[in-house]
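**Q** Sharing final-v3.tsv, TSV, C-alpha atoms and all ligand atoms:
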```
chain	number	residue	atom	x	y	z
I	1	MET	CA	15.04	-13.25	3.46
I	2	ILE	CA	12.20	-10.80	3.00
I	3	ALA	CA	13.35	-7.37	1.84
I	4	GLY	CA	10.48	-5.08	2.85
I	5	PHE	CA	8.12	-6.13	5.63
I	6	GLY	CA	5.03	-4.08	4.78
I	7	ASP	CA	1.54	-5.23	3.79
I	8	THR	CA	2.66	-8.08	1.54
I	9	GLY	CA	6.09	-9.09	2.88
I	10	LEU	CA	4.56	-9.70	6.30
I	11	LEU	CA	1.72	-11.75	4.82
I	12	VAL	CA	4.13	-13.95	2.85
I	13	ALA	CA	6.02	-14.66	6.10
I	14	ILE	CA	2.72	-15.57	7.77
I	15	ASN	CA	1.81	-17.87	4.88
I	16	LEU	CA	5.21	-19.57	4.77
I	17	GLY	CA	4.75	-20.83	8.28
I	18	ARG	CA	7.17	-22.08	10.88
I	19	ASP	CA	9.14	-24.63	8.81
I	20	PHE	CA	11.63	-22.01	7.65
I	21	ASP	CA	14.06	-19.54	9.20
I	22	ILE	CA	12.60	-16.24	8.07
I	23	VAL	CA	14.27	-12.84	8.38
I	24	GLY	CA	12.29	-9.71	7.51
I	25	VAL	CA	13.98	-6.35	6.98
I	26	SER	CA	11.91	-3.25	7.53
I	27	PRO	CA	12.66	0.42	8.18
I	28	LYS	CA	9.73	0.39	10.64
I	29	PRO	CA	9.41	-1.68	13.83
I	30	CYS	CA	5.78	-2.42	13.00
I	31	LEU	CA	3.27	-2.86	10.20
I	32	VAL	CA	2.40	0.60	8.85
I	33	SER	CA	-0.14	-0.18	6.19
I	34	GLY	CA	-0.40	1.97	3.09
I	35	GLN	CA	-4.12	1.27	2.93
I	36	GLU	CA	-7.08	3.56	3.55
I	37	LEU	CA	-5.48	7.01	3.69
I	38	GLY	CA	-8.95	8.61	3.93
I	39	MET	CA	-9.64	6.82	7.20
I	40	ARG	CA	-6.12	7.40	8.46
I	41	LEU	CA	-6.54	11.15	8.07
I	42	THR	CA	-10.10	11.49	9.30
I	43	GLN	CA	-10.26	8.78	12.02
I	44	PRO	CA	-6.64	8.15	12.97
I	45	ARG	CA	-7.46	6.36	16.22
I	46	LEU	CA	-9.69	3.83	14.51
I	47	TRP	CA	-7.31	3.43	11.57
I	48	LYS	CA	-4.42	2.61	13.89
I	49	GLN	CA	-6.37	-0.23	15.49
I	50	ASP	CA	-6.28	-2.13	12.22
I	51	TYR	CA	-3.41	-0.75	10.19
I	52	LEU	CA	-0.61	0.13	12.64
I	53	MET	CA	0.57	-2.90	14.57
I	54	PRO	CA	3.86	-3.98	16.17
I	55	PHE	CA	5.13	-7.18	14.55
I	56	SER	CA	4.94	-8.94	17.92
I	57	ARG	CA	1.14	-8.89	17.73
I	58	PHE	CA	1.05	-11.32	14.80
I	59	ARG	CA	1.03	-14.84	16.21
I	60	LYS	CA	2.46	-16.44	13.07
I	61	LEU	CA	5.48	-14.16	13.21
I	62	ASP	CA	6.67	-15.80	16.45
I	63	GLY	CA	10.12	-17.10	15.52
I	64	VAL	CA	10.48	-14.75	12.56
I	65	ARG	CA	13.49	-12.46	13.01
I	66	THR	CA	12.97	-8.82	12.05
I	67	LEU	CA	15.81	-6.39	11.42
I	68	GLN	CA	15.01	-2.71	11.56
I	69	GLY	CA	16.85	-0.98	8.74
I	70	LEU	CA	17.18	-1.00	4.97
I	71	VAL	CA	18.47	-3.59	2.56
I	72	THR	CA	21.26	-1.88	0.65
I	73	THR	CA	22.58	-4.60	-1.69
I	74	ILE	CA	21.70	-8.00	-3.03
I	75	ASP	CA	24.54	-10.34	-4.02
I	76	THR	CA	22.90	-13.08	-6.06
I	77	HIS	CA	26.18	-14.97	-6.64
I	78	ARG	CA	26.84	-15.39	-2.95
I	79	GLY	CA	23.18	-15.52	-2.01
I	80	THR	CA	23.37	-12.71	0.52
I	81	VAL	CA	21.72	-9.38	1.17
I	82	THR	CA	23.27	-6.54	3.14
I	83	ALA	CA	21.07	-4.69	5.60
I	84	VAL	CA	22.03	-1.44	7.31
I	85	SER	CA	20.42	-0.77	10.67
I	86	GLN	CA	19.26	2.51	12.18
I	87	ASP	CA	22.66	3.10	13.84
I	88	GLY	CA	24.51	2.57	10.55
I	89	GLU	CA	25.75	-0.94	11.27
I	90	SER	CA	25.77	-3.20	8.25
I	91	GLN	CA	25.12	-6.89	8.32
I	92	ALA	CA	25.24	-9.58	5.60
I	93	GLU	CA	22.46	-12.14	5.71
I	94	PRO	CA	22.53	-15.32	3.64
I	95	TYR	CA	19.43	-16.60	1.88
I	96	ASP	CA	18.19	-19.74	0.16
I	97	ALA	CA	15.21	-17.79	-1.17
I	98	LEU	CA	14.80	-14.02	-1.34
I	99	LEU	CA	11.55	-12.09	-1.54
I	100	ILE	CA	11.59	-8.49	-2.72
I	101	SER	CA	8.55	-6.68	-1.29
I	102	SER	CA	9.88	-3.17	-0.78
I	103	GLY	CA	6.85	-1.38	-2.26
I	104	VAL	CA	6.92	2.21	-3.42
I	105	SER	CA	7.40	5.58	-1.74
I	106	ASN	CA	4.27	7.63	-2.29
I	107	GLY	CA	3.26	10.89	-0.65
I	108	PHE	CA	3.75	11.30	3.10
I	109	TRP	CA	1.95	8.05	3.88
I	110	ARG	CA	4.35	5.55	2.29
I	111	THR	CA	8.02	6.13	2.95
I	112	ASN	CA	11.15	4.10	3.45
I	113	ALA	CA	12.39	6.37	6.25
I	114	VAL	CA	13.81	4.44	9.21
I	115	GLU	CA	11.56	5.51	12.11
I	116	ASP	CA	10.56	4.34	15.58
I	117	PHE	CA	7.01	3.57	16.66
I	118	ASP	CA	6.43	6.81	18.59
I	119	THR	CA	7.55	8.96	15.68
I	120	ILE	CA	5.25	7.11	13.27
I	121	ASN	CA	2.35	7.27	15.72
I	122	GLU	CA	2.77	10.98	16.40
I	123	SER	CA	3.17	11.91	12.75
I	124	ILE	CA	-0.11	10.14	11.88
I	125	ASP	CA	-1.90	12.26	14.48
I	126	SER	CA	-0.23	15.56	13.64
I	127	THR	CA	-0.86	15.17	9.88
I	128	SER	CA	-4.52	14.47	10.56
I	129	ARG	CA	-4.80	17.51	12.89
I	130	LYS	CA	-3.21	19.74	10.29
I	131	LEU	CA	-5.60	18.62	7.55
I	132	LEU	CA	-8.68	18.89	9.72
I	133	GLN	CA	-7.87	22.49	10.69
I	134	ALA	CA	-8.41	23.55	7.07
I	135	GLN	CA	-11.83	24.65	5.91
I	136	THR	CA	-11.46	24.49	2.12
I	137	ILE	CA	-9.48	21.46	1.03
I	138	ALA	CA	-8.34	20.51	-2.47
I	139	VAL	CA	-7.66	16.83	-3.12
I	140	ILE	CA	-5.81	16.13	-6.35
I	141	GLY	CA	-5.54	12.75	-8.03
I	142	GLY	CA	-8.09	10.36	-9.54
I	143	GLY	CA	-7.00	7.07	-7.97
I	144	ALA	CA	-8.39	5.15	-4.99
I	145	THR	CA	-6.36	7.25	-2.54
I	146	GLY	CA	-7.78	10.56	-3.80
I	147	VAL	CA	-11.33	9.20	-3.88
I	148	GLY	CA	-11.00	7.75	-0.39
I	149	VAL	CA	-9.67	10.98	1.09
I	150	ALA	CA	-12.31	13.17	-0.61
I	151	ALA	CA	-15.16	10.83	0.38
I	152	ASN	CA	-14.08	10.48	4.01
I	153	LEU	CA	-13.50	14.20	4.45
I	154	ALA	CA	-16.88	15.10	2.98
I	155	THR	CA	-18.77	12.44	4.94
I	156	ARG	CA	-17.24	13.26	8.31
I	157	HIS	CA	-16.82	17.02	7.98
I	158	ARG	CA	-19.92	18.28	6.25
I	159	GLN	CA	-19.16	21.93	7.01
I	160	LYS	CA	-15.88	21.80	5.06
I	161	LEU	CA	-15.63	22.44	1.34
I	162	ILE	CA	-13.98	19.47	-0.36
I	163	HIS	CA	-12.90	20.11	-3.93
I	164	TYR	CA	-11.78	17.03	-5.80
I	165	PHE	CA	-9.68	17.38	-8.97
I	166	PHE	CA	-8.80	14.62	-11.43
I	167	SER	CA	-7.59	14.61	-15.01
I	168	GLU	CA	-10.04	12.22	-16.70
I	169	SER	CA	-13.81	12.65	-16.98
I	170	GLN	CA	-14.37	10.26	-14.06
I	171	PRO	CA	-12.20	9.13	-11.13
I	172	LEU	CA	-10.63	5.65	-10.78
I	173	PRO	CA	-8.90	4.82	-14.06
I	174	GLY	CA	-8.25	1.08	-14.27
I	175	TYR	CA	-11.49	0.23	-12.44
I	176	HIS	CA	-14.56	-1.21	-14.18
I	177	PRO	CA	-16.68	1.53	-15.87
I	178	LYS	CA	-19.64	0.67	-13.60
I	179	VAL	CA	-17.46	1.21	-10.52
I	180	ARG	CA	-16.30	4.57	-11.85
I	181	THR	CA	-19.89	5.74	-12.33
I	182	HIS	CA	-20.97	4.41	-8.92
I	183	VAL	CA	-18.11	6.25	-7.20
I	184	GLU	CA	-18.72	9.49	-9.07
I	185	LYS	CA	-22.38	9.48	-7.93
I	186	HIS	CA	-21.41	8.66	-4.36
I	187	LEU	CA	-18.93	11.53	-4.19
I	188	ARG	CA	-21.58	13.96	-5.43
I	189	SER	CA	-24.12	12.59	-2.97
I	190	VAL	CA	-21.85	13.23	0.02
I	191	GLY	CA	-21.17	16.78	-1.13
I	192	VAL	CA	-17.74	16.54	-2.77
I	193	ILE	CA	-17.34	19.24	-5.43
I	194	LEU	CA	-15.99	17.42	-8.49
I	195	HIS	CA	-13.57	18.97	-10.96
I	196	PRO	CA	-12.94	16.54	-13.84
I	197	GLY	CA	-10.46	17.32	-16.61
I	198	HIS	CA	-7.96	19.09	-14.32
I	199	ARG	CA	-4.29	18.27	-14.63
I	200	ALA	CA	-2.15	20.07	-12.06
I	201	VAL	CA	1.23	21.59	-12.75
I	202	ILE	CA	3.78	19.83	-10.52
I	203	ALA	CA	7.31	21.15	-10.19
I	204	ASP	CA	9.98	18.54	-10.93
I	205	ASP	CA	11.47	18.86	-7.47
I	206	PHE	CA	8.14	18.49	-5.63
I	207	GLN	CA	7.57	14.88	-4.57
I	208	CYS	CA	3.90	15.49	-3.62
I	209	ASP	CA	4.84	14.36	-0.12
I	210	ARG	CA	3.37	17.23	1.91
I	211	PHE	CA	0.32	19.48	2.00
I	212	THR	CA	0.67	22.78	0.15
I	213	THR	CA	-1.06	26.11	0.65
I	214	SER	CA	-0.18	28.05	-2.52
I	215	PRO	CA	-2.65	28.31	-5.43
I	216	VAL	CA	-2.73	25.25	-7.69
I	217	GLN	CA	-2.04	25.83	-11.39
I	218	TRP	CA	-3.48	23.64	-14.14
I	219	SER	CA	-1.74	22.59	-17.35
I	220	SER	CA	-5.26	21.80	-18.64
I	221	GLY	CA	-5.97	25.53	-18.86
I	222	GLN	CA	-8.36	26.33	-15.96
I	223	ALA	CA	-7.92	29.27	-13.57
I	224	ASN	CA	-5.67	28.77	-10.52
I	225	PHE	CA	-7.40	27.29	-7.48
I	226	ASN	CA	-6.99	28.55	-3.93
I	227	ALA	CA	-7.60	26.17	-1.06
I	228	ASP	CA	-6.55	26.43	2.59
I	229	LEU	CA	-4.73	23.16	2.07
I	230	THR	CA	-4.04	20.91	-0.91
I	231	LEU	CA	-3.45	17.17	-0.61
I	232	TRP	CA	-1.60	15.55	-3.49
I	233	ALA	CA	-2.53	11.97	-4.36
I	234	VAL	CA	-1.42	12.00	-7.98
I	235	GLY	CA	0.46	8.71	-7.83
I	236	LYS	CA	3.86	10.38	-8.03
I	237	MET	CA	5.46	7.28	-6.64
I	238	ALA	CA	9.01	6.04	-6.67
I	239	PRO	CA	9.72	2.31	-6.54
I	240	ASN	CA	11.89	1.42	-3.53
I	241	ASN	CA	14.50	-0.20	-5.76
I	242	GLN	CA	17.80	1.44	-4.75
I	243	PHE	CA	19.17	-1.93	-3.59
I	244	ILE	CA	17.91	-4.05	-6.50
I	245	PRO	CA	20.34	-5.12	-9.26
I	246	PRO	CA	19.49	-3.23	-12.49
I	247	ASP	CA	19.00	-6.41	-14.53
I	248	MET	CA	15.99	-7.28	-12.33
I	249	LEU	CA	14.25	-4.00	-13.16
I	250	ASN	CA	12.13	-2.88	-16.11
I	251	ALA	CA	12.49	0.54	-17.72
I	252	ASP	CA	10.21	2.10	-15.05
I	253	GLY	CA	12.25	0.67	-12.18
I	254	PHE	CA	9.85	-2.11	-11.11
I	255	VAL	CA	10.88	-5.74	-10.68
I	256	LYS	CA	10.30	-7.99	-13.69
I	257	THR	CA	8.44	-11.09	-12.57
I	258	ASP	CA	7.38	-14.25	-14.38
I	259	ASP	CA	4.01	-16.03	-14.14
I	260	PHE	CA	4.97	-17.50	-10.75
I	261	LEU	CA	5.96	-14.11	-9.24
I	262	ARG	CA	9.60	-15.14	-9.52
I	263	VAL	CA	12.09	-12.53	-10.66
I	264	GLN	CA	12.86	-13.15	-14.32
I	265	GLY	CA	16.17	-14.99	-14.73
I	266	TYR	CA	16.49	-16.04	-11.05
I	267	ASN	CA	15.03	-19.25	-9.70
I	268	ASN	CA	15.25	-18.35	-5.99
I	269	VAL	CA	14.32	-14.65	-6.02
I	270	PHE	CA	10.65	-13.64	-5.89
I	271	ALA	CA	8.80	-10.31	-5.85
I	272	VAL	CA	5.31	-9.23	-4.80
I	273	GLY	CA	3.26	-6.12	-4.07
I	274	ASP	CA	3.67	-2.62	-5.45
I	275	ILE	CA	7.30	-3.16	-6.48
I	276	ALA	CA	6.46	-6.18	-8.70
I	277	ALA	CA	5.68	-5.58	-12.38
I	278	SER	CA	3.41	-8.62	-12.35
I	279	ASP	CA	0.70	-7.13	-14.60
I	280	PRO	CA	-0.25	-3.69	-15.95
I	281	HIS	CA	-1.88	-2.70	-12.61
I	282	ARG	CA	0.94	-4.22	-10.49
I	283	SER	CA	-1.85	-5.78	-8.51
I	284	SER	CA	-0.22	-8.69	-6.69
I	285	ALA	CA	-0.70	-6.97	-3.29
I	286	ARG	CA	-4.44	-7.41	-3.51
I	287	ASN	CA	-5.06	-10.62	-5.42
I	288	TRP	CA	-3.70	-13.06	-2.87
I	289	GLY	CA	-0.21	-12.79	-4.33
I	290	TYR	CA	1.09	-13.32	-0.78
I	291	ARG	CA	-0.78	-16.64	-0.50
I	292	LEU	CA	0.51	-17.76	-3.87
I	293	LEU	CA	4.07	-16.89	-2.86
I	294	GLY	CA	3.72	-18.70	0.47
I	295	HIS	CA	2.98	-21.75	-1.68
I	296	ASN	CA	5.57	-21.11	-4.43
I	297	ILE	CA	8.50	-20.29	-2.13
I	298	ARG	CA	7.72	-23.38	-0.05
I	299	ALA	CA	7.56	-25.50	-3.24
I	300	HIS	CA	10.89	-24.07	-4.40
I	301	LEU	CA	12.65	-24.65	-1.08
I	302	GLN	CA	11.35	-28.22	-0.99
I	303	GLY	CA	12.65	-28.93	-4.51
I	304	ARG	CA	9.19	-29.01	-6.10
I	305	ASP	CA	9.40	-26.11	-8.58
I	306	SER	CA	6.94	-27.90	-10.88
I	307	ASP	CA	4.23	-27.48	-8.18
I	308	MET	CA	4.39	-23.67	-8.34
I	309	LYS	CA	1.14	-21.89	-9.18
I	310	ARG	CA	0.64	-19.12	-11.69
I	311	TYR	CA	-0.44	-15.62	-10.71
I	312	GLU	CA	-3.63	-14.70	-12.56
I	313	PRO	CA	-4.52	-11.01	-12.17
I	314	PRO	CA	-8.01	-9.75	-12.99
I	315	GLN	CA	-8.48	-7.26	-15.82
I	316	TYR	CA	-9.75	-4.45	-13.59
I	317	ARG	CA	-8.64	-3.12	-10.23
I	318	TRP	CA	-10.89	-3.88	-7.27
I	319	GLY	CA	-11.13	-3.52	-3.52
I	320	SER	CA	-12.33	-1.11	-0.88
I	321	VAL	CA	-12.12	2.56	-1.85
I	322	TYR	CA	-13.81	4.46	1.00
I	323	GLY	CA	-12.74	2.22	3.90
I	324	VAL	CA	-15.10	1.58	6.81
I	325	GLN	CA	-18.09	3.92	6.84
I	326	GLN	CA	-21.03	4.17	9.22
I	327	ASN	CA	-23.08	1.76	7.08
I	328	GLY	CA	-20.23	-0.72	6.66
I	329	LEU	CA	-17.47	-1.50	4.19
I	330	ARG	CA	-18.12	-1.58	0.45
I	331	VAL	CA	-15.85	-3.72	-1.71
I	332	PHE	CA	-15.85	-3.14	-5.46
I	333	GLN	CA	-15.37	-6.13	-7.72
I	334	PRO	CA	-13.37	-6.58	-10.95
I	335	ASP	CA	-16.65	-7.21	-12.86
I	336	GLY	CA	-18.09	-3.84	-11.84
I	337	GLY	CA	-20.34	-5.13	-9.05
I	338	SER	CA	-19.88	-4.40	-5.38
I	339	PHE	CA	-21.00	-5.72	-2.03
I	340	ARG	CA	-21.16	-4.16	1.39
I	341	PHE	CA	-20.32	-5.70	4.74
I	342	PRO	CA	-23.09	-4.12	6.85
I	343	GLY	CA	-21.95	-1.83	9.66
I	344	TRP	CA	-22.74	-4.31	12.45
I	345	THR	CA	-20.52	-6.98	10.86
I	346	VAL	CA	-17.40	-4.81	10.60
I	347	ARG	CA	-16.35	-5.10	14.27
I	348	THR	CA	-18.03	-8.45	14.98
I	349	LEU	CA	-17.11	-10.50	11.89
I	350	LEU	CA	-15.04	-8.69	9.27
I	351	PHE	CA	-12.04	-7.51	11.29
I	352	PRO	CA	-11.98	-10.16	14.05
I	353	LEU	CA	-12.67	-13.15	11.79
I	354	ALA	CA	-12.04	-12.39	8.12
I	355	VAL	CA	-9.05	-10.10	8.60
I	356	ARG	CA	-7.38	-11.08	11.87
I	357	LYS	CA	-8.11	-14.83	11.91
I	358	MET	CA	-8.25	-15.68	8.21
I	359	ILE	CA	-5.86	-13.23	6.54
I	360	TYR	CA	-3.36	-12.68	9.40
I	361	LYS	CA	-3.95	-16.12	11.02
I	362	GLY	CA	-4.10	-14.71	14.56
I	363	VAL	CA	-3.46	-11.26	16.03
I	364	ARG	CA	-2.85	-10.65	19.74
I	365	LYS	CA	-4.81	-7.92	21.53
I	366	ALA	CA	-3.08	-4.54	21.75
U	401	LIG	C1	-4.83	-7.76	2.60
U	401	LIG	C2	-4.71	-6.58	1.64
U	401	LIG	C3	-5.88	-5.90	1.27
U	401	LIG	C4	-5.81	-4.83	0.40
U	401	LIG	N1	-6.96	-4.18	0.08
U	401	LIG	C5	-6.91	-3.11	-0.72
U	401	LIG	C6	-8.09	-2.41	-1.05
U	401	LIG	O1	-9.17	-2.80	-0.61
U	401	LIG	N2	-8.03	-1.34	-1.85
U	401	LIG	C7	-6.81	-0.92	-2.35
U	401	LIG	O2	-6.78	0.07	-3.08
U	401	LIG	N3	-5.66	-1.57	-2.06
U	401	LIG	C8	-5.68	-2.65	-1.26
U	401	LIG	N4	-4.53	-3.31	-0.98
U	401	LIG	C9	-3.26	-2.91	-1.64
U	401	LIG	C10	-2.54	-1.79	-1.00
U	401	LIG	O3	-3.16	-0.58	-1.32
U	401	LIG	C11	-1.09	-1.71	-1.51
U	401	LIG	O4	-1.01	-2.16	-2.81
U	401	LIG	C12	-0.19	-2.51	-0.58
U	401	LIG	O5	-0.24	-1.91	0.69
U	401	LIG	C13	1.25	-2.56	-1.06
U	401	LIG	O6	1.96	-3.45	-0.25
U	401	LIG	P1	3.52	-3.64	-0.41
U	401	LIG	O7	3.90	-4.71	0.56
U	401	LIG	O8	3.90	-3.80	-1.82
U	401	LIG	O9	4.14	-2.24	0.05
U	401	LIG	P2	4.27	-1.60	1.51
U	401	LIG	O10	3.15	-2.02	2.39
U	401	LIG	O11	4.53	-0.16	1.30
U	401	LIG	O12	5.59	-2.31	2.10
U	401	LIG	C14	6.88	-2.11	1.63
U	401	LIG	C15	7.80	-1.97	2.82
U	401	LIG	O13	9.14	-2.08	2.39
U	401	LIG	C16	9.91	-1.06	3.02
U	401	LIG	N5	11.15	-0.82	2.31
U	401	LIG	C17	11.39	0.09	1.34
U	401	LIG	N6	12.69	0.04	0.96
U	401	LIG	C18	13.25	-0.92	1.71
U	401	LIG	C19	14.57	-1.43	1.78
U	401	LIG	N7	15.56	-0.98	1.04
U	401	LIG	N8	14.82	-2.43	2.68
U	401	LIG	C20	13.83	-2.91	3.46
U	401	LIG	N9	12.56	-2.45	3.43
U	401	LIG	C21	12.29	-1.48	2.55
U	401	LIG	C22	8.92	0.10	3.03
U	401	LIG	O14	9.31	1.13	3.90
U	401	LIG	C23	7.67	-0.62	3.50
U	401	LIG	O15	7.68	-0.76	4.89
U	401	LIG	C24	-4.55	-4.41	-0.12
U	401	LIG	C25	-3.39	-5.10	0.26
U	401	LIG	C26	-3.46	-6.16	1.13
U	401	LIG	C27	-2.18	-6.90	1.51
```
Now, as a test, write the supplied structure out as structure tokens.
Ligand SMILES: Cc1cc2nc3c(=O)[nH]c(=O)nc-3n(C[C@H](O)[C@H](O)[C@H](O)COP(=O)(O)OP(=O)(O)OC[C@H]3O[C@@H](n4cnc5c(N)ncnc54)[C@H](O)[C@@H]3O)c2cc1C
**A**
Amino acid sequence: MIAGFGDTGLLVAINLGRDFDIVGVSPKPCLVSGQELGMRLTQPRLWKQDYLMPFSRFRKLDGVRTLQGLVTTIDTHRGTVTAVSQDGESQAEPYDALLISSGVSNGFWRTNAVEDFDTINESIDSTSRKLLQAQTIAVIGGGATGVGVAANLATRHRQKLIHYFFSESQPLPGYHPKVRTHVEKHLRSVGVILHPGHRAVIADDFQCDRFTTSPVQWSSGQANFNADLTLWAVGKMAPNNQFIPPDMLNADGFVKTDDFLRVQGYNNVFAVGDIAASDPHRSSARNWGYRLLGHNIRAHLQGRDSDMKRYEPPQYRWGSVYGVQQNGLRVFQPDGGSFRFPGWTVRTLLFPLAVRKMIYKGVRKA
């Protein structure tokens, strides 16, 4: 059973292969990736080609059963989960091994709302249209999402004023210092107006899940800021843990995992991705945690627990921050370096070979 069939749950299913009966539960009928919000907002058509895909397009998911709905309970004594479908019908599903990969809800781009494909598709377009109608845009939040949105807006819409606010002296806490400096320079070079040292006042009942138009106030003491539209990427996220037994969760509501990405205290329950408290950065979504779990769950189900591998996270965060740009795709490394896939390789090698063939092991044409 895979509870949460997003970026990582889907990849674990692909890596487990066809020797098992796999059931994935997802509120969406398709992969809706949480990656590259900047591209999603500024080039929605292109973003959808790579990050919005019906499950039926993944060759290795042939034979995998998907249930559209939400997991509502886990019964570890009986070895079952209960899933409730869109029409309110509830269904108990037995498991030999359970993977929790339910991620987090964050902003308007990562939700656990049960939605159909057309609704998801249309809301991606309408959100983009709404943002691009604004002339002066404030982006708040120093993480990769905020940087990506600010950079993509400034690069593609040079006539707009993009004001970028973050609370530290540089964006990207948790990334290598060299990466932080590199990104700061890049943002300036594309015309983003940087506002370090700004901490916004956020009302308790505001989930940062929509654009706002009222002036932004700062608890760090600066004057209010007026933008046509403000996008909030402050990491006000909520773990999707409503169905997870409390003893599996740490004080912040994330799943406690051991070195093998197994839930502490349970030998047949595993967790990966943004919900898993695997390391301080909760980085198992992007360090091949899904590959490791393909191996570890297989080892467990075949009675070879001693063959499980340990998850070894790097000290610093890494990955793409801007998404695909005209000159290619830059990937920052944990040691502070970076490399760029040149523009011509993105559509000829990177997506068709590295992503679709190697990571997803085969994707059918749309
Ligand atoms: C191949 C790959 C490359 C990446 N590259 C980068 C990068 O370059 N830069 C970067 O910053 N990050 C990168 N990331 C990481 C990425 O930003 C996120 O960390 C990742 O999308 C989180 O995946 P997830 O599966 O934990 O969550 P999600 O993709 O959000 O999936 C969780 C799913 O579970 C569903 N769900 C919630 N509640 C329930 C429930 N009760 N029952 C059933 N389902 C539920 C959610 O609705 C969602 O569909 C990468 C990730 C991957 C896999």
**Q** One decimal, Å: what's the distance from CA of Asn250 in chain I over to CA of Leu37 in chain I, could you say?
**A**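 If I compute the distance from CA of Asn250 in chain I to CA of Leu37 in chain I, I get 28.3 Å.
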**Q** If you count all atoms listed in the file, which residues fall within 10 Å of Tyr266 in chain I, apart from same-chain ones fewer than 6 positions away, as a tab-separated table (two decimals) with C-alpha atoms, keeping the file's coordinate frame?
**A**
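File result.tsv, as written:
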```tsv
chain	number	residue	atom	x	y	z
I	76	THR	CA	22.90	-13.08	-6.06
I	248	MET	CA	15.99	-7.28	-12.33
I	257	THR	CA	8.44	-11.09	-12.57
I	258	ASP	CA	7.38	-14.25	-14.38
```
**Q** Tell me which of I:Arg347, I:Arg282, I:Arg298, I:His195 sits closest to ligand LIG 401 (chain U), counting only C-alpha atoms and all ligand atoms.
**A** I:Arg282
**Q** Write out, as a tab-separated table, each residue of chain I that has an atom at most 6 Å from ligand LIG 401 (chain U), together with the closest pair of atoms and their distance in Å to one decimal, counting all atoms listed in the file, rows going by chain and rising number.
**A**
```
residue	atom	partner	partner_atom	distance
I:Ala3	CA	U:LIG401	C20	4.8
I:Gly4	CA	U:LIG401	O13	3.3
I:Phe5	CA	U:LIG401	C15	5.0
I:Gly6	CA	U:LIG401	O12	3.3
I:Asp7	CA	U:LIG401	O10	3.9
I:Thr8	CA	U:LIG401	O7	3.7
I:Gly9	CA	U:LIG401	O7	5.4
I:Val25	CA	U:LIG401	C20	4.9
I:Ser26	CA	U:LIG401	N9	4.2
I:Pro27	CA	U:LIG401	O14	5.5
I:Ser33	CA	U:LIG401	O10	5.4
I:Gly34	CA	U:LIG401	O5	4.6
I:Gln35	CA	U:LIG401	O3	4.7
I:Leu70	CA	U:LIG401	N8	3.6
I:Val71	CA	U:LIG401	N8	3.8
I:Thr72	CA	U:LIG401	N7	5.8
I:Ser101	CA	U:LIG401	O7	5.4
I:Ser102	CA	U:LIG401	O13	3.4
I:Gly103	CA	U:LIG401	O9	3.7
I:Val104	CA	U:LIG401	O11	5.8
I:Arg110	CA	U:LIG401	O11	5.8
I:Thr111	CA	U:LIG401	O14	5.3
I:Asn112	CA	U:LIG401	O14	3.5
I:Ala144	CA	U:LIG401	O2	5.7
I:Asn240	CA	U:LIG401	N6	4.8
I:Phe243	CA	U:LIG401	N7	5.9
I:Gly273	CA	U:LIG401	O8	3.3
I:Asp274	CA	U:LIG401	O8	3.8
I:Ile275	CA	U:LIG401	O8	5.8
I:Ala285	CA	U:LIG401	C25	4.8
I:Arg286	CA	U:LIG401	C24	4.5
I:Gly319	CA	U:LIG401	O1	3.6
I:Ser320	CA	U:LIG401	O1	3.6
I:Val321	CA	U:LIG401	N2	5.7
```
**Q** Restrict the selected residues to C-alpha atoms and save them as an mmCIF file, in the coordinates of the input.
**A**
```
data_model
loop_
_atom_site.group_PDB
_atom_site.id
_atom_site.type_symbol
_atom_site.label_atom_id
_atom_site.label_comp_id
_atom_site.auth_asym_id
_atom_site.auth_seq_id
_atom_site.Cartn_x
_atom_site.Cartn_y
_atom_site.Cartn_z
ATOM 1 C CA ALA I 3 13.350 -7.370 1.840
ATOM 2 C CA GLY I 4 10.480 -5.080 2.850
ATOM 3 C CA PHE I 5 8.120 -6.130 5.630
ATOM 4 C CA GLY I 6 5.030 -4.080 4.780
ATOM 5 C CA ASP I 7 1.540 -5.230 3.790
ATOM 6 C CA THR I 8 2.660 -8.080 1.540
ATOM 7 C CA GLY I 9 6.090 -9.090 2.880
ATOM 8 C CA VAL I 25 13.980 -6.350 6.980
ATOM 9 C CA SER I 26 11.910 -3.250 7.530
ATOM 10 C CA PRO I 27 12.660 0.420 8.180
ATOM 11 C CA SER I 33 -0.140 -0.180 6.190
ATOM 12 C CA GLY I 34 -0.400 1.970 3.090
ATOM 13 C CA GLN I 35 -4.120 1.270 2.930
ATOM 14 C CA LEU I 70 17.180 -1.000 4.970
ATOM 15 C CA VAL I 71 18.470 -3.590 2.560
ATOM 16 C CA THR I 72 21.260 -1.880 0.650
ATOM 17 C CA SER I 101 8.550 -6.680 -1.290
ATOM 18 C CA SER I 102 9.880 -3.170 -0.780
ATOM 19 C CA GLY I 103 6.850 -1.380 -2.260
ATOM 20 C CA VAL I 104 6.920 2.210 -3.420
ATOM 21 C CA ARG I 110 4.350 5.550 2.290
ATOM 22 C CA THR I 111 8.020 6.130 2.950
ATOM 23 C CA ASN I 112 11.150 4.100 3.450
ATOM 24 C CA ALA I 144 -8.390 5.150 -4.990
ATOM 25 C CA ASN I 240 11.890 1.420 -3.530
ATOM 26 C CA PHE I 243 19.170 -1.930 -3.590
ATOM 27 C CA GLY I 273 3.260 -6.120 -4.070
ATOM 28 C CA ASP I 274 3.670 -2.620 -5.450
ATOM 29 C CA ILE I 275 7.300 -3.160 -6.480
ATOM 30 C CA ALA I 285 -0.700 -6.970 -3.290
ATOM 31 C CA ARG I 286 -4.440 -7.410 -3.510
ATOM 32 C CA GLY I 319 -11.130 -3.520 -3.520
ATOM 33 C CA SER I 320 -12.330 -1.110 -0.880
ATOM 34 C CA VAL I 321 -12.120 2.560 -1.850
#
```
